[in-house]
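Asker: Questions regarding the structure given below will be posed in turn.
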Amino acid sequence: MSGFLHKLDSLAEKIPEGLGHARAMAIGILNPDRRHDDPEEKRADMIRSEIMAGHRFHSFANERSENFVKWHIDGHDYMWAVSELLESAREAIFILDWWLTPELYLRRPPAKYPEWRLDRVLKRKAEQGVKVYVVVYKEVTQTMTMSSHHTKVALEALHPNIACMRHPDHIGSKDDVEFWSHHEKVVVVDNHYACIGGLDLCFGRWDTHNHPLADVHPTNPFATLFPGQDYNNARIMDFKDVPDYVSNGLSAIESPRMPWHDVHMTITGTVVLDIVQHFVERWNEVKKRKVCMHAFSRYDWLALPHDVDAAPSEAVARHPHRERWYEIGRRFKEHFHRHFYGEAPADYDGNYPVVRGTCRVQAVRSVSDWSHGVLTERSIQNAYIELIQQAEHFIYIGFISNTQEEGPVKNLIAKALVERIIRAGREGKRFRVVVIIPEVPGFAGQVKDETSVKTIMAAQYRTMNRGGHSIYEEVRKAGYEPSDYLRFYHLRAYDRINAPFESYIRQIEERSGIPFHQLGVALGRLWVGRGDGPEDPKQVSVTIPTGKALEEQSTSGAKPEMKTETYPMPATVEEAQEVVDRWIRAAESIRSDEDVADNVVQHMLHDRTSLLEEKWLGTEEEERNAYVSELLYIHSKLMIVDDRRVIGDGDSEIALVVEDDDMIDSTMNGEPYMVARFAATLRRKLYREHLGLIQPQWAEGKPDSFMHAAPHPNADETDQDEDQLVADPLSDETIDLWNNTARRNREIFTEIFRPVPTNLIRSWKDYDNYVPKVMTGHVVPEVTLERVKDRLSHVRGALVECPMDFLIDQKDFVEGPDWIGLNPTLPIYI
């Protein structure tokens with residue numbers, strides 16, 4: 001009884017605290033811009049408003065010329081480039097991320113590049129005196145699993161020169177923002193180089209152009225590309241307990257990973273100073289709100305680096321906080337204007353060369369009081385809409401939004417697309433929009449359940465072709481056939497998991513005395529290394545395949561039954577190395593596996609051999625069960641207009657509008673047409689990857705031009721035959737190649753794997769009969785191995801049609817009270 005009364009007393013003591021949290025939240029909700037009622041802040045708002053009014057798109061930053069910008073497609077290329085830039089740092093590194101995984105390998109395979117793990121790179125630089133400042137999104141822990149707490153603790157334990165702040169605070173705060181999140185992916189080095197785009201420095205993002213689904217290497221475990229939790233499939237299960245980064249709840253023997261397609265940019269030029277301004281503003285605003293940080297020396301105030309004496313006409317000279325931050329903030333040099341005015345010391349010339357590029361670039365952003373301490377700026381949306389309105393011929397875009405101002409979605413980019421298409425129809429001009437979006441949202445669950453997957457899918461189809469005000473419906477109301485102007489596409493891949501368990505893996509286990517899952521434990525010790533970090537795992541949880549499936553369904557089969565066991569790691573790296581070596585010796589003594597490829601996904605690209613030539617040394621049933629398919633998740637928020645202008649890839653909070661003055665000869669709709677090198681080469685390379693018109697990319701190869709950071713130029717591929725095939729996005733030949741490839745690939749994947757969505761499911765009654773009774777992503781039961789290999793050998797690239805008639809007869813899929821704003825949680829999904 002006394003214990004119960006003590007608990008009541010404890011709860012009673014917390015009532016005032018709870019009421020205080022509730023009051024703070026109410027103040028924040030009722031007056032989100034309350035900070036701007038202060039006279040001094042009103043003055044600052046007026047100055048910012050005047051600056052923005054003088055800039056295109058009403059942006060905080062103006063257009064800047066002579067920047068060197070280069071694109072990087074997929075994580076393999078970008079993360080090598082960012083590793084180069086981080087290693088070159090001499091003074092300061094700034095990072096903004098939605099999620100940052102300290103244990104991420106920037107170069108792979110990890111066994112070959114252990115020193116290129118992100119935390120080890122940052123520790124190395126901090127020990128050399130470089131200051132590192134990181135801001136990451138502070139997640140809602142009840143619904144998200146990436147553990148920004150681990151990010152902060154792990155980074156700051158490396159060295160006092162590393163500081164990490166999390167933002168925003170959530171429940172119980174005046175700044176409670178419920179479901180909104182920071183989503184930038186920005187790196188700045190020494191105020192001279194920057195990276196901006198769609199790729200977080202976190203698990204699940206590194207990928208090659210091959211986009212492998214499998215990562216089992218029986219005779220050489222050191223060839224592993226995706227260690228521990230980096231082997232992930234969010235369609236089956238989300239990340240879990242990420243501080244335990246060497247463990248994994250997904251069995252690589254029976255489940256495919258979900259590949260990731262994205263675009264990032266590296267930059268040098270004066271636009272870097274605008275990206276730095278954005279970071280400094282964010283850092284100082286977060287520090288101001290976190291009073292507890294003020295007593296710690298590692299959390300400096302930062303000064304803007306701009307040399308206003310050398311460039312007094314720049315808008316930042318009027319920045320309302322520039323002088324104050326200059327007085328109290330830590331300053332890091334900028335080297336652009338000093339070069340322009342001939343004031344640079346000689347040693348700067350070698351370390352910070354000013355390369356005169358050919359790109360005009362403008363930074364645009366989407367910020368408000370909760371995120372940035374300013375009144376709302378919508379220059380990203382303004383830029384997208386204006387570029388769409390000004391498009392003359394063609395748009396390639398990586399996302400969609402809304403056509404109406406009412407309802408839960410406020411982004412009106414789809415409305416701008418509708419207006420531009422209708423204008424093209426009225427003018428009788430050829431105009432084409434290609435939209436590439438994920439086939440299914442990157443969450444676990446099936447569409448039929450009341451989950452975020454269903455909500456996002458419904459939102460996409462409401463934008464595409466139903467619900468009353470979709471793009472297709474609005475264009476049809478104007479009297480035009482929408483598919484003549486705009487079509488939607490997805491990406492999907494297949495692979496083969498090289499794990500014939502009974503005929504090979506089990507024999508290796510018996511000869512070596514090492515169970516396969518214990519091999520994973522030993523590799524875990526090698527990924528951890530000596531284990532000096534305060535949060536380094538001391539044991540490894542491994543998932544053991546059971547060969548059984550659960551009743552719970554995904555969109556492409558049943559989820560596998562998970563059996564997880566936990567083991568202590570080998571005491572030393574040397575002991576772990578001996579375990580792996582013993583496994584390799586046993587594998588090689590049984591048979592040579594050189595003729596068996598660990599992946600076959602490369603045959604979707606322009607490979608020198610065919611899938612039909614691939615050998616297999618297990619049983620036919622094992623090989624049939626080894627084939628898997630998965631969607632290729634498209635994260636890029638990129639838009640390319642007329643092969644001349646690019647916006648992106650900024651992913652919601654900051655982006656770049658890039659216009660290259662280096663113009664090259666091309667054609668548009670068969671007519672001579674000058675295109676911008678940056679935009680045209682990026683669009684063509686994306687087309688070639690999606691159509692399978694590029695060579696396979698292997699992680700073990702030597703770095704090529706596309707892996708080096710700016711100002712190293714990408715190789716010129718415009719004279720290649722494959723490039724010429726896609727040079728004119730409006731030619732009948734290119735359009736036929738694109739659409740025929742997408743149609744054929746969709747037909748093949750539907751026959752062999754029956755993924756969702758599909759036009760064969762028109763209502764819920766069709767759903768259960770269609771989804772195969774196999775483990776997620778595996779071959780449907782009735783198809784023979786011979787048929788599997790024959791059909792998949794005809795897949796070219798990952799491009800597939802979007803099934804526009806999926807659930808077309810199920811009206812309640814896209815209708816109901818949620819879509820008139822009565823569901824306050826809807827914005828978290830869309």
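Labels for the structure tokens follow display order: chains A, B, ..., residues from 1 in each chain, ligands from 1.
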Enumerate the residues of stretch 635-817 of chain A with a DSSP assignment of helix (DSSP H, G or I), computed from the backbone, and present them as a PDB file with N, CA and C atoms, in the first residue's frame.
Answerer:
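And here is the file that came out, states10.pdb:
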ATOM      1  N   ARG A 677      24.824  21.792 -71.097  1.00  0.00           N
ATOM      2  CA  ARG A 677      25.565  20.553 -70.831  1.00  0.00           C
ATOM      3  C   ARG A 677      25.144  19.918 -69.502  1.00  0.00           C
ATOM      4  N   PHE A 678      25.040  20.694 -68.443  1.00  0.00           N
ATOM      5  CA  PHE A 678      24.719  20.118 -67.130  1.00  0.00           C
ATOM      6  C   PHE A 678      23.362  19.414 -67.169  1.00  0.00           C
ATOM      7  N   ALA A 679      22.335  20.104 -67.641  1.00  0.00           N
ATOM      8  CA  ALA A 679      20.985  19.535 -67.651  1.00  0.00           C
ATOM      9  C   ALA A 679      20.873  18.365 -68.618  1.00  0.00           C
ATOM     10  N   ALA A 680      21.393  18.529 -69.830  1.00  0.00           N
ATOM     11  CA  ALA A 680      21.218  17.512 -70.865  1.00  0.00           C
ATOM     12  C   ALA A 680      21.968  16.228 -70.525  1.00  0.00           C
ATOM     13  N   THR A 681      23.211  16.343 -70.063  1.00  0.00           N
ATOM     14  CA  THR A 681      23.974  15.130 -69.759  1.00  0.00           C
ATOM     15  C   THR A 681      23.384  14.390 -68.559  1.00  0.00           C
ATOM     16  N   LEU A 682      22.851  15.125 -67.586  1.00  0.00           N
ATOM     17  CA  LEU A 682      22.203  14.484 -66.438  1.00  0.00           C
ATOM     18  C   LEU A 682      20.951  13.739 -66.893  1.00  0.00           C
ATOM     19  N   ARG A 683      20.103  14.389 -67.658  1.00  0.00           N
ATOM     20  CA  ARG A 683      18.868  13.738 -68.111  1.00  0.00           C
ATOM     21  C   ARG A 683      19.178  12.521 -68.972  1.00  0.00           C
ATOM     22  N   ARG A 684      20.154  12.638 -69.872  1.00  0.00           N
ATOM     23  CA  ARG A 684      20.493  11.506 -70.732  1.00  0.00           C
ATOM     24  C   ARG A 684      21.045  10.325 -69.921  1.00  0.00           C
ATOM     25  N   LYS A 685      21.891  10.620 -68.927  1.00  0.00           N
ATOM     26  CA  LYS A 685      22.453   9.525 -68.119  1.00  0.00           C
ATOM     27  C   LYS A 685      21.347   8.834 -67.311  1.00  0.00           C
ATOM     28  N   LEU A 686      20.395   9.595 -66.803  1.00  0.00           N
ATOM     29  CA  LEU A 686      19.269   9.001 -66.097  1.00  0.00           C
ATOM     30  C   LEU A 686      18.451   8.117 -67.032  1.00  0.00           C
ATOM     31  N   TYR A 687      18.166   8.614 -68.216  1.00  0.00           N
ATOM     32  CA  TYR A 687      17.441   7.815 -69.201  1.00  0.00           C
ATOM     33  C   TYR A 687      18.196   6.519 -69.501  1.00  0.00           C
ATOM     34  N   ARG A 688      19.492   6.637 -69.710  1.00  0.00           N
ATOM     35  CA  ARG A 688      20.283   5.456 -70.060  1.00  0.00           C
ATOM     36  C   ARG A 688      20.308   4.443 -68.920  1.00  0.00           C
ATOM     37  N   GLU A 689      20.398   4.911 -67.699  1.00  0.00           N
ATOM     38  CA  GLU A 689      20.358   3.974 -66.573  1.00  0.00           C
ATOM     39  C   GLU A 689      19.000   3.285 -66.511  1.00  0.00           C
ATOM     40  N   HIS A 690      17.922   4.049 -66.633  1.00  0.00           N
ATOM     41  CA  HIS A 690      16.587   3.461 -66.535  1.00  0.00           C
ATOM     42  C   HIS A 690      16.303   2.494 -67.675  1.00  0.00           C
ATOM     43  N   LEU A 691      16.920   2.719 -68.842  1.00  0.00           N
ATOM     44  CA  LEU A 691      16.695   1.871 -70.009  1.00  0.00           C
ATOM     45  C   LEU A 691      17.721   0.752 -70.147  1.00  0.00           C
ATOM     46  N   SER A 705      35.604   9.379 -63.375  1.00  0.00           N
ATOM     47  CA  SER A 705      35.363  10.819 -63.265  1.00  0.00           C
ATOM     48  C   SER A 705      34.081  11.129 -62.510  1.00  0.00           C
ATOM     49  N   PHE A 706      33.077  10.259 -62.593  1.00  0.00           N
ATOM     50  CA  PHE A 706      31.788  10.531 -61.972  1.00  0.00           C
ATOM     51  C   PHE A 706      31.837  10.386 -60.445  1.00  0.00           C
ATOM     52  N   MET A 707      32.903   9.792 -59.936  1.00  0.00           N
ATOM     53  CA  MET A 707      33.053   9.589 -58.497  1.00  0.00           C
ATOM     54  C   MET A 707      33.832  10.703 -57.834  1.00  0.00           C
ATOM     55  N   ASP A 721      27.021   6.071 -78.782  1.00  0.00           N
ATOM     56  CA  ASP A 721      25.812   5.688 -79.499  1.00  0.00           C
ATOM     57  C   ASP A 721      24.608   5.626 -78.561  1.00  0.00           C
ATOM     58  N   GLU A 722      24.803   5.085 -77.349  1.00  0.00           N
ATOM     59  CA  GLU A 722      23.702   4.962 -76.411  1.00  0.00           C
ATOM     60  C   GLU A 722      23.182   6.338 -75.989  1.00  0.00           C
ATOM     61  N   ASP A 723      24.097   7.300 -75.888  1.00  0.00           N
ATOM     62  CA  ASP A 723      23.688   8.656 -75.529  1.00  0.00           C
ATOM     63  C   ASP A 723      22.839   9.273 -76.641  1.00  0.00           C
ATOM     64  N   GLN A 724      23.231   9.026 -77.867  1.00  0.00           N
ATOM     65  CA  GLN A 724      22.478   9.578 -78.993  1.00  0.00           C
ATOM     66  C   GLN A 724      21.078   8.977 -79.090  1.00  0.00           C
ATOM     67  N   LEU A 725      20.912   7.745 -78.619  1.00  0.00           N
ATOM     68  CA  LEU A 725      19.592   7.117 -78.647  1.00  0.00           C
ATOM     69  C   LEU A 725      18.564   7.880 -77.815  1.00  0.00           C
ATOM     70  N   ASP A 732      10.177  10.537 -81.868  1.00  0.00           N
ATOM     71  CA  ASP A 732       9.361   9.321 -81.830  1.00  0.00           C
ATOM     72  C   ASP A 732      10.200   8.119 -81.420  1.00  0.00           C
ATOM     73  N   GLU A 733      11.445   8.075 -81.881  1.00  0.00           N
ATOM     74  CA  GLU A 733      12.310   6.936 -81.575  1.00  0.00           C
ATOM     75  C   GLU A 733      12.583   6.844 -80.068  1.00  0.00           C
ATOM     76  N   THR A 734      12.905   7.972 -79.438  1.00  0.00           N
ATOM     77  CA  THR A 734      13.184   7.960 -78.002  1.00  0.00           C
ATOM     78  C   THR A 734      11.929   7.618 -77.210  1.00  0.00           C
ATOM     79  N   ILE A 735      10.797   8.213 -77.587  1.00  0.00           N
ATOM     80  CA  ILE A 735       9.550   7.954 -76.871  1.00  0.00           C
ATOM     81  C   ILE A 735       9.136   6.498 -77.019  1.00  0.00           C
ATOM     82  N   ASP A 736       9.276   5.933 -78.205  1.00  0.00           N
ATOM     83  CA  ASP A 736       8.928   4.525 -78.403  1.00  0.00           C
ATOM     84  C   ASP A 736       9.851   3.614 -77.605  1.00  0.00           C
ATOM     85  N   LEU A 737      11.155   3.901 -77.621  1.00  0.00           N
ATOM     86  CA  LEU A 737      12.117   3.109 -76.843  1.00  0.00           C
ATOM     87  C   LEU A 737      11.745   3.138 -75.370  1.00  0.00           C
ATOM     88  N   TRP A 738      11.430   4.317 -74.868  1.00  0.00           N
ATOM     89  CA  TRP A 738      11.090   4.514 -73.450  1.00  0.00           C
ATOM     90  C   TRP A 738       9.815   3.753 -73.089  1.00  0.00           C
ATOM     91  N   ASN A 739       8.750   3.979 -73.836  1.00  0.00           N
ATOM     92  CA  ASN A 739       7.463   3.374 -73.496  1.00  0.00           C
ATOM     93  C   ASN A 739       7.446   1.873 -73.737  1.00  0.00           C
ATOM     94  N   ASN A 740       8.063   1.408 -74.814  1.00  0.00           N
ATOM     95  CA  ASN A 740       8.089  -0.030 -75.079  1.00  0.00           C
ATOM     96  C   ASN A 740       8.901  -0.777 -74.022  1.00  0.00           C
ATOM     97  N   THR A 741      10.005  -0.177 -73.591  1.00  0.00           N
ATOM     98  CA  THR A 741      10.815  -0.797 -72.523  1.00  0.00           C
ATOM     99  C   THR A 741      10.010  -0.877 -71.234  1.00  0.00           C
ATOM    100  N   ALA A 742       9.352   0.214 -70.866  1.00  0.00           N
ATOM    101  CA  ALA A 742       8.561   0.242 -69.631  1.00  0.00           C
ATOM    102  C   ALA A 742       7.428  -0.780 -69.677  1.00  0.00           C
ATOM    103  N   ARG A 743       6.761  -0.895 -70.824  1.00  0.00           N
ATOM    104  CA  ARG A 743       5.650  -1.841 -70.960  1.00  0.00           C
ATOM    105  C   ARG A 743       6.147  -3.281 -70.876  1.00  0.00           C
ATOM    106  N   ARG A 744       7.221  -3.600 -71.638  1.00  0.00           N
ATOM    107  CA  ARG A 744       7.742  -4.961 -71.650  1.00  0.00           C
ATOM    108  C   ARG A 744       8.229  -5.379 -70.263  1.00  0.00           C
ATOM    109  N   ASN A 745       8.990  -4.502 -69.602  1.00  0.00           N
ATOM    110  CA  ASN A 745       9.482  -4.824 -68.265  1.00  0.00           C
ATOM    111  C   ASN A 745       8.333  -5.065 -67.292  1.00  0.00           C
ATOM    112  N   ARG A 746       7.297  -4.232 -67.362  1.00  0.00           N
ATOM    113  CA  ARG A 746       6.144  -4.414 -66.473  1.00  0.00           C
ATOM    114  C   ARG A 746       5.484  -5.768 -66.715  1.00  0.00           C
ATOM    115  N   GLU A 747       5.311  -6.142 -67.956  1.00  0.00           N
ATOM    116  CA  GLU A 747       4.677  -7.431 -68.279  1.00  0.00           C
ATOM    117  C   GLU A 747       5.487  -8.598 -67.716  1.00  0.00           C
ATOM    118  N   ILE A 748       6.808  -8.514 -67.829  1.00  0.00           N
ATOM    119  CA  ILE A 748       7.669  -9.604 -67.349  1.00  0.00           C
ATOM    120  C   ILE A 748       7.607  -9.705 -65.833  1.00  0.00           C
ATOM    121  N   PHE A 749       7.755  -8.600 -65.133  1.00  0.00           N
ATOM    122  CA  PHE A 749       7.719  -8.637 -63.667  1.00  0.00           C
ATOM    123  C   PHE A 749       6.357  -9.107 -63.168  1.00  0.00           C
ATOM    124  N   THR A 750       5.294  -8.720 -63.853  1.00  0.00           N
ATOM    125  CA  THR A 750       3.956  -9.151 -63.441  1.00  0.00           C
ATOM    126  C   THR A 750       3.806 -10.655 -63.575  1.00  0.00           C
ATOM    127  N   GLU A 751       4.297 -11.238 -64.649  1.00  0.00           N
ATOM    128  CA  GLU A 751       4.199 -12.683 -64.849  1.00  0.00           C
ATOM    129  C   GLU A 751       5.027 -13.465 -63.839  1.00  0.00           C
ATOM    130  N   ILE A 752       6.254 -13.004 -63.576  1.00  0.00           N
ATOM    131  CA  ILE A 752       7.190 -13.803 -62.769  1.00  0.00           C
ATOM    132  C   ILE A 752       7.017 -13.574 -61.272  1.00  0.00           C
ATOM    133  N   PHE A 753       6.672 -12.346 -60.854  1.00  0.00           N
ATOM    134  CA  PHE A 753       6.655 -12.024 -59.423  1.00  0.00           C
ATOM    135  C   PHE A 753       5.304 -11.499 -58.913  1.00  0.00           C
ATOM    136  N   TRP A 764     -10.795  -4.379 -54.271  1.00  0.00           N
ATOM    137  CA  TRP A 764     -10.232  -5.183 -53.186  1.00  0.00           C
ATOM    138  C   TRP A 764     -10.495  -6.671 -53.391  1.00  0.00           C
ATOM    139  N   LYS A 765     -11.605  -7.022 -54.044  1.00  0.00           N
ATOM    140  CA  LYS A 765     -11.898  -8.448 -54.218  1.00  0.00           C
ATOM    141  C   LYS A 765     -10.863  -9.147 -55.106  1.00  0.00           C
ATOM    142  N   ASP A 766     -10.165  -8.357 -55.934  1.00  0.00           N
ATOM    143  CA  ASP A 766      -9.110  -8.941 -56.774  1.00  0.00           C
ATOM    144  C   ASP A 766      -7.791  -9.094 -56.017  1.00  0.00           C
ATOM    145  N   TYR A 767      -7.637  -8.388 -54.898  1.00  0.00           N
ATOM    146  CA  TYR A 767      -6.338  -8.238 -54.249  1.00  0.00           C
ATOM    147  C   TYR A 767      -5.808  -9.573 -53.707  1.00  0.00           C
ATOM    148  N   ASP A 768      -6.616 -10.240 -52.881  1.00  0.00           N
ATOM    149  CA  ASP A 768      -6.130 -11.452 -52.214  1.00  0.00           C
ATOM    150  C   ASP A 768      -5.822 -12.575 -53.205  1.00  0.00           C
ATOM    151  N   ASN A 769      -6.589 -12.635 -54.279  1.00  0.00           N
ATOM    152  CA  ASN A 769      -6.336 -13.674 -55.280  1.00  0.00           C
ATOM    153  C   ASN A 769      -5.062 -13.414 -56.074  1.00  0.00           C
ATOM    154  N   TYR A 770      -4.670 -12.156 -56.160  1.00  0.00           N
ATOM    155  CA  TYR A 770      -3.516 -11.799 -56.989  1.00  0.00           C
ATOM    156  C   TYR A 770      -2.190 -11.940 -56.234  1.00  0.00           C
ATOM    157  N   LEU A 785      11.589 -22.720 -63.671  1.00  0.00           N
ATOM    158  CA  LEU A 785      12.885 -22.057 -63.686  1.00  0.00           C
ATOM    159  C   LEU A 785      13.257 -21.627 -65.104  1.00  0.00           C
ATOM    160  N   GLU A 786      13.014 -22.497 -66.068  1.00  0.00           N
ATOM    161  CA  GLU A 786      13.343 -22.159 -67.448  1.00  0.00           C
ATOM    162  C   GLU A 786      12.600 -20.897 -67.890  1.00  0.00           C
ATOM    163  N   ARG A 787      11.323 -20.811 -67.534  1.00  0.00           N
ATOM    164  CA  ARG A 787      10.527 -19.638 -67.898  1.00  0.00           C
ATOM    165  C   ARG A 787      11.020 -18.393 -67.163  1.00  0.00           C
ATOM    166  N   VAL A 788      11.387 -18.540 -65.911  1.00  0.00           N
ATOM    167  CA  VAL A 788      11.912 -17.414 -65.124  1.00  0.00           C
ATOM    168  C   VAL A 788      13.125 -16.802 -65.816  1.00  0.00           C
ATOM    169  N   LYS A 789      14.084 -17.648 -66.156  1.00  0.00           N
ATOM    170  CA  LYS A 789      15.327 -17.150 -66.749  1.00  0.00           C
ATOM    171  C   LYS A 789      15.099 -16.577 -68.145  1.00  0.00           C
ATOM    172  N   ASP A 790      14.244 -17.239 -68.912  1.00  0.00           N
ATOM    173  CA  ASP A 790      13.986 -16.742 -70.270  1.00  0.00           C
ATOM    174  C   ASP A 790      13.326 -15.371 -70.226  1.00  0.00           C
ATOM    175  N   ARG A 791      12.307 -15.225 -69.401  1.00  0.00           N
ATOM    176  CA  ARG A 791      11.587 -13.945 -69.359  1.00  0.00           C
ATOM    177  C   ARG A 791      12.448 -12.838 -68.771  1.00  0.00           C
ATOM    178  N   LEU A 792      13.158 -13.106 -67.680  1.00  0.00           N
ATOM    179  CA  LEU A 792      13.979 -12.071 -67.049  1.00  0.00           C
ATOM    180  C   LEU A 792      15.148 -11.662 -67.938  1.00  0.00           C
ATOM    181  N   LYS A 811     -13.877   2.953 -55.254  1.00  0.00           N
ATOM    182  CA  LYS A 811     -14.020   4.400 -55.071  1.00  0.00           C
ATOM    183  C   LYS A 811     -13.575   4.870 -53.694  1.00  0.00           C
ATOM    184  N   ASP A 812     -13.810   4.057 -52.654  1.00  0.00           N
ATOM    185  CA  ASP A 812     -13.440   4.513 -51.315  1.00  0.00           C
ATOM    186  C   ASP A 812     -11.931   4.527 -51.088  1.00  0.00           C
ATOM    187  N   PHE A 813     -11.160   4.017 -52.066  1.00  0.00           N
ATOM    188  CA  PHE A 813      -9.694   4.078 -51.955  1.00  0.00           C
ATOM    189  C   PHE A 813      -9.210   5.524 -51.932  1.00  0.00           C
ATOM    190  N   PRO A 817     -13.625  11.310 -45.769  1.00  0.00           N
ATOM    191  CA  PRO A 817     -13.368  12.524 -44.978  1.00  0.00           C
ATOM    192  C   PRO A 817     -11.905  12.899 -44.851  1.00  0.00           C
TER     193      PRO A 817
END
Asker: Enumerate as a ChimeraX atom specification all residues of stretch 412-656 of chain A assigned to strand (DSSP E or B) by DSSP on the backbone, naming them with the chain letters and numbers the document uses.
Answerer: /A:432-436,486-496,539-554,557-568,627-631,633-634,639-641,645-647,654-656
Asker: Tell me which protein, DNA and RNA residues are within 9 Å of A:Tyr489, counting only C-alpha atoms, leaving out same-chain ones fewer than 2 positions away, and put them as a list in words.
Answerer: Val434, Val435, Ile436, Ile437, Pro438, Glu439, Arg487, Leu491, Ala742, Leu799, Val800, Glu801, Cys802 and Pro803 of chain A
Asker: Restricting the calculation to only C-alpha atoms, which member of A:Ser512, A:Thr141, A:Gln229, A:Ser629 is positioned closest to A:Arg585?
Answerer: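 Between A:Ser512, A:Thr141, A:Gln229, A:Ser629, the residue approaching A:Arg585 most closely is A:Ser512.
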Asker: Show which residues sit within 6 Å of stretch 203-210 of chain A, as a list in words. Count only C-alpha atoms, and ignore same-chain residues fewer than 6 positions away.
Answerer: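 That gives Asp74, Gly75, His76, Asp230, Trp260, Gln602, Pro696 and Gln697 of chain A.
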Asker: Out of A:Ile808, A:Met674, A:Ala444, A:Ile388, which residue has the shortest atom-to-atom distance to A:Ala558 when counting only C-alpha atoms?
Answerer: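 Looking only at the distances to A:Ala558, the closest residue turns out to be A:Ala444.
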